[in-house]
Amino acid sequence: MDYEQLLNMAAELGYQLMYSGAEIYRVEESARRLLQAYGLESPEVFAIPNCLIVSVATPEGQPVTRMRRVPSHGTDIELLERCNGLCRRLCAEVPPLDEAQAAVAALPEAIPRHSPRLMLLGYGAAPAFFAPLFGGGLWDMACAFLCGLAVGLCLLYGGKFLGANNFFRTAVCSALAALLAIVLVKAGPGESVDVVTISALMVLVPGVALTNAMREIMAGDTYSALSRTADAILVASAIALGAAAGQALGGLF
Amino acid sequence: MEAILTDYALPCVCAFWACVGFTLMYNIHGLGKLIAGVGGALGWLVYLLGGRTIFAAFLAAAAIGVFAEVMSRVRRCPVTGYLLVALLPLVPGGGIYYAMRHCVAGETDQFLSTLLHTLGMAAALAVGAMLASSVFRAIFPRLRPPKK
């Protein structure tokens with residue numbers, strides 16, 4: 001058997017899982033079970049939020065190791081579910097290595113994605129429906145929708161100007177939302193600056209990082225849990241910082 | 001009757017649609033959208049019934065945790081997506097905002113108490129969902145889908 005090809009395949013599957021935002025224990029367990037299904041006795045898989053190391057020893061005693069660095073990524077539940085399904089299928093059927101590798105390589109392209117317009121609608125709709133939860137009226141809903149759209153535009157199309165820095169990106173989006181909320185309430189139909197701003201900020205809130213941190217603690221991966229908690233706290237402070245800057249700017253009018 | 005409609009039914013419908021909006025961002029398709037939305041509405045209902053306190057957030061997160069675990073068993077899918085989206089309406093965005101306002105205005109006392117309340121909400125969410133999932137797994141180990 002070609003152990004290097006097997007190792008590459010397992011590393012690629014683990015990489016895709018990490019990239020979809022899966023928990024660390026899921027990545028480690030999936031890659032390990034896949035290698036075990038192909039007859040390796042004690043494969044070692046180690047992952048932390050942005051690095052994945054897979055190491056195996058061939059039956060002749062030759063160690064082979066592969067490391068993948070995972071860039072910053074979002075959350076893609078469809079990719080996560082498909083990786084999970086594929087891993088289960090590969091472990092159950094154990095197809096020939098070439099076939100399995102082709103299936104893993106074909107994963108990212110086969111994922112259905114929402115069109116940017118639909119995603120933008122999501123960015124607008126979520127704040128709009130949050131406004132009544134925080135005590136806003138119909139006009140607040142409309143303003144929150146517009147603020148959400150602005151944040152969505154900034155996140156979807158502003159990547160080139162904002163760079164890959166999550167902290168900076170969040171702060172800029174939050175400042176934009178706060179500024180727009182003040183403008184819409186002062187010059188437009190909005191009723192409450194607080195409600196509109198909070199509703200728009202809900203799209204940026206680190207709920208995902210918080211939930212992931214909790215699931216890492218549950219699985220016993222303390223290191224990853226700490227790193228994700230730090231991420232959540234950083235994003236929260238970026239939101240506060242950005243909103244403060246936006247409101248200071250808005251106060252000039 | 002009308003009070004029930006405006007106080008409970010309407011907010012839950014809003015939470016449902018807000019969560020569906022989030023599913024567009026996290027690339028959830030098909031039935032998953034509905035499940036995530038219902039989870040969000042359920043969580044918000046429990047939160048309202050509990051009186052919008054930290055303990056109510058804890059109960060709401062626990063309800064969402066159990067709901068997400070059941071749904072992941074039914075659909076044989078990872079629990080992550082449903083849990084993630086359904087918890088989002090409860091994340092204390094307002095707390096972050098008001099803490100910032102008090103901080104900028106120099107009101108240290110109110111800033112600290114808002115900050116602590118925000119941290120308490122976040123901790124309640126995490127512990128609630130974690131506890132519910134762990135207890136659920138301990139009670140129903142046989143419902144666990146076969147390992148990958």
# chains A, B, ... in the order shown; residues from 1 in each chain; ligands from 1

$ interface_residues --of "chain B" --to "chain A" --cutoff "8 Å" --atoms "only C-alpha atoms" --output "PyMOL selection string"
chain B and resi 11+14-15+17-29+77-78+80-81+83-85+87-89+91+93-94+96-97+100-101+104+122+126-127+130+134+147-148

$ write_last_selection --atoms "C-alpha atoms" --output "compact mmCIF listing (two decimals), in the first residue's frame"
# COMPACT_ATOMS: atom_id res chain seq x y z
CA PRO B 11 -40.69 37.42 19.47
CA CYS B 14 -38.72 36.94 14.94
CA ALA B 15 -36.07 34.72 16.53
CA TRP B 17 -36.45 34.27 11.02
CA ALA B 18 -33.31 35.83 12.47
CA CYS B 19 -31.82 32.33 12.81
CA VAL B 20 -32.86 31.49 9.26
CA GLY B 21 -31.00 34.63 8.20
CA PHE B 22 -27.90 33.30 9.96
CA THR B 23 -28.16 29.94 8.18
CA LEU B 24 -27.53 31.82 4.92
CA MET B 25 -24.20 33.06 6.30
CA TYR B 26 -23.07 29.68 7.62
CA ASN B 27 -24.07 27.77 4.46
CA ILE B 28 -26.76 25.55 5.94
CA HIS B 29 -29.10 24.05 3.36
CA CYS B 77 -25.52 14.91 11.21
CA PRO B 78 -22.97 16.71 13.38
CA THR B 80 -22.44 21.74 15.57
CA GLY B 81 -24.51 23.64 13.02
CA LEU B 83 -26.32 24.43 18.18
CA LEU B 84 -24.24 27.25 16.75
CA VAL B 85 -27.07 29.09 15.02
CA LEU B 87 -27.57 29.96 20.40
CA LEU B 88 -26.84 33.16 18.45
CA PRO B 89 -29.91 35.21 19.49
CA VAL B 91 -25.38 35.92 22.80
CA GLY B 93 -24.66 41.71 21.96
CA GLY B 94 -26.62 44.31 23.92
CA ILE B 96 -21.24 44.43 24.89
CA TYR B 97 -22.82 47.59 23.50
CA MET B 100 -18.98 50.15 25.84
CA ARG B 101 -21.40 53.08 26.28
CA VAL B 104 -16.94 55.77 27.09
CA ALA B 122 -21.87 34.18 28.06
CA ALA B 126 -21.75 27.91 27.50
CA VAL B 127 -22.39 25.96 30.71
CA MET B 130 -22.52 21.96 27.66
CA SER B 134 -23.23 15.92 28.41
CA LYS B 147 -18.90 6.13 15.21
CA LYS B 148 -17.50 7.57 12.03

$ residues_around --residues "range 58-73 of chain B" --least-positions-apart "6" --cutoff "6 Å" --atoms "only C-alpha atoms" --output "short mmCIF file (atom, residue, chain, number, x, y, z; two decimals) with C-alpha atoms, in the first residue's frame"
data_model
loop_
_atom_site.label_atom_id
_atom_site.label_comp_id
_atom_site.auth_asym_id
_atom_site.auth_seq_id
_atom_site.Cartn_x
_atom_site.Cartn_y
_atom_site.Cartn_z
CA GLY B 39 -34.04 25.84 17.82
CA GLY B 43 -34.40 29.05 23.04
CA VAL B 46 -37.55 29.57 27.26
CA TYR B 47 -35.55 32.75 27.83
CA VAL B 79 -24.68 18.67 16.14
CA TYR B 82 -27.84 23.57 14.81
CA LEU B 83 -26.32 24.43 18.18
CA ALA B 124 -24.48 30.73 31.39
CA LEU B 125 -24.92 29.99 27.68
CA GLY B 128 -26.08 25.42 29.92
CA ALA B 129 -25.53 23.96 26.47
CA ALA B 132 -27.42 19.57 28.55
CA SER B 133 -25.32 17.84 25.87
#

$ closest_residue --among "A:Ala47, A:Leu234, A:Met18, A:Cys147" --to "Leu184 in chain A" --atoms "only C-alpha atoms"
A:Cys147

$ select_by_dssp --residues "range 3-73 of chain B" --states "alpha helix (DSSP H)" --output "PyMOL selection string"
chain B and resi 3-4+10-25+31-49+54-73

$ write_last_selection --atoms "C-alpha atoms" --output "PDB file, in the first residue's frame"
ATOM      1  CA  ALA B   3     -50.675  39.513  25.576  1.00  0.00           C
ATOM      2  CA  ILE B   4     -49.521  35.973  24.816  1.00  0.00           C
ATOM      3  CA  LEU B  10     -44.213  37.383  17.969  1.00  0.00           C
ATOM      4  CA  PRO B  11     -40.691  37.423  19.467  1.00  0.00           C
ATOM      5  CA  CYS B  12     -40.361  33.695  18.812  1.00  0.00           C
ATOM      6  CA  VAL B  13     -41.335  34.174  15.164  1.00  0.00           C
ATOM      7  CA  CYS B  14     -38.722  36.940  14.937  1.00  0.00           C
ATOM      8  CA  ALA B  15     -36.072  34.715  16.535  1.00  0.00           C
ATOM      9  CA  PHE B  16     -36.978  31.991  14.024  1.00  0.00           C
ATOM     10  CA  TRP B  17     -36.453  34.272  11.023  1.00  0.00           C
ATOM     11  CA  ALA B  18     -33.307  35.827  12.473  1.00  0.00           C
ATOM     12  CA  CYS B  19     -31.818  32.332  12.809  1.00  0.00           C
ATOM     13  CA  VAL B  20     -32.862  31.488   9.256  1.00  0.00           C
ATOM     14  CA  GLY B  21     -31.000  34.631   8.200  1.00  0.00           C
ATOM     15  CA  PHE B  22     -27.896  33.303   9.960  1.00  0.00           C
ATOM     16  CA  THR B  23     -28.161  29.942   8.181  1.00  0.00           C
ATOM     17  CA  LEU B  24     -27.535  31.820   4.922  1.00  0.00           C
ATOM     18  CA  MET B  25     -24.203  33.057   6.301  1.00  0.00           C
ATOM     19  CA  LEU B  31     -34.034  20.952   6.369  1.00  0.00           C
ATOM     20  CA  GLY B  32     -31.150  22.292   8.459  1.00  0.00           C
ATOM     21  CA  LYS B  33     -32.501  25.843   8.013  1.00  0.00           C
ATOM     22  CA  LEU B  34     -35.821  24.848   9.568  1.00  0.00           C
ATOM     23  CA  ILE B  35     -34.176  23.005  12.463  1.00  0.00           C
ATOM     24  CA  ALA B  36     -31.837  25.890  13.272  1.00  0.00           C
ATOM     25  CA  GLY B  37     -34.749  28.351  13.154  1.00  0.00           C
ATOM     26  CA  VAL B  38     -36.963  26.239  15.407  1.00  0.00           C
ATOM     27  CA  GLY B  39     -34.039  25.840  17.816  1.00  0.00           C
ATOM     28  CA  GLY B  40     -33.590  29.608  17.987  1.00  0.00           C
ATOM     29  CA  ALA B  41     -37.325  30.169  18.571  1.00  0.00           C
ATOM     30  CA  LEU B  42     -37.385  27.498  21.283  1.00  0.00           C
ATOM     31  CA  GLY B  43     -34.401  29.047  23.039  1.00  0.00           C
ATOM     32  CA  TRP B  44     -35.925  32.511  22.956  1.00  0.00           C
ATOM     33  CA  LEU B  45     -39.269  31.195  24.276  1.00  0.00           C
ATOM     34  CA  VAL B  46     -37.552  29.565  27.260  1.00  0.00           C
ATOM     35  CA  TYR B  47     -35.545  32.753  27.830  1.00  0.00           C
ATOM     36  CA  LEU B  48     -38.740  34.857  27.873  1.00  0.00           C
ATOM     37  CA  LEU B  49     -40.619  32.419  30.100  1.00  0.00           C
ATOM     38  CA  ILE B  54     -28.971  34.945  33.566  1.00  0.00           C
ATOM     39  CA  PHE B  55     -30.595  31.795  34.902  1.00  0.00           C
ATOM     40  CA  ALA B  56     -33.207  32.007  32.117  1.00  0.00           C
ATOM     41  CA  ALA B  57     -30.342  32.132  29.599  1.00  0.00           C
ATOM     42  CA  PHE B  58     -28.875  29.041  31.244  1.00  0.00           C
ATOM     43  CA  LEU B  59     -32.208  27.180  30.905  1.00  0.00           C
ATOM     44  CA  ALA B  60     -32.635  28.377  27.319  1.00  0.00           C
ATOM     45  CA  ALA B  61     -29.155  27.166  26.386  1.00  0.00           C
ATOM     46  CA  ALA B  62     -29.900  23.807  28.020  1.00  0.00           C
ATOM     47  CA  ALA B  63     -33.151  23.503  26.031  1.00  0.00           C
ATOM     48  CA  ILE B  64     -31.302  24.321  22.804  1.00  0.00           C
ATOM     49  CA  GLY B  65     -28.580  21.811  23.683  1.00  0.00           C
ATOM     50  CA  VAL B  66     -31.069  18.969  24.149  1.00  0.00           C
ATOM     51  CA  PHE B  67     -33.011  19.979  21.033  1.00  0.00           C
ATOM     52  CA  ALA B  68     -29.832  20.070  18.913  1.00  0.00           C
ATOM     53  CA  GLU B  69     -28.682  16.679  20.243  1.00  0.00           C
ATOM     54  CA  VAL B  70     -32.062  15.095  19.436  1.00  0.00           C
ATOM     55  CA  MET B  71     -32.098  16.603  15.949  1.00  0.00           C
ATOM     56  CA  SER B  72     -28.545  15.470  15.210  1.00  0.00           C
ATOM     57  CA  ARG B  73     -29.575  11.904  16.169  1.00  0.00           C
TER      58      ARG B  73
END

$ closest_residue --among "A:Ala225, A:Met67, A:Leu249, A:Cys154" --to "Ala178 in chain A" --atoms "only C-alpha atoms"
A:Leu249

$ atom_distance --atom1 "CA of Ala138 in chain B" --atom2 "CA of Cys83 in chain A"
26.2 Å

$ residues_around --residues "Ala57 in chain A" --least-positions-apart "4" --cutoff "8 Å" --atoms "only C-alpha atoms" --output "ChimeraX atom specification"
/A:40,42-43,61-64

$ closest_residue --among "A:Leu162, A:Gln101, A:Gly188, A:Val196" --to "Gly137 in chain A" --atoms "only C-alpha atoms"
A:Val196

$ residues_around --residues "Leu6 in chain A" --least-positions-apart "5" --cutoff "9 Å" --atoms "only C-alpha atoms" --output "PyMOL selection string"
chain A and resi 1+11+35+38+97+101
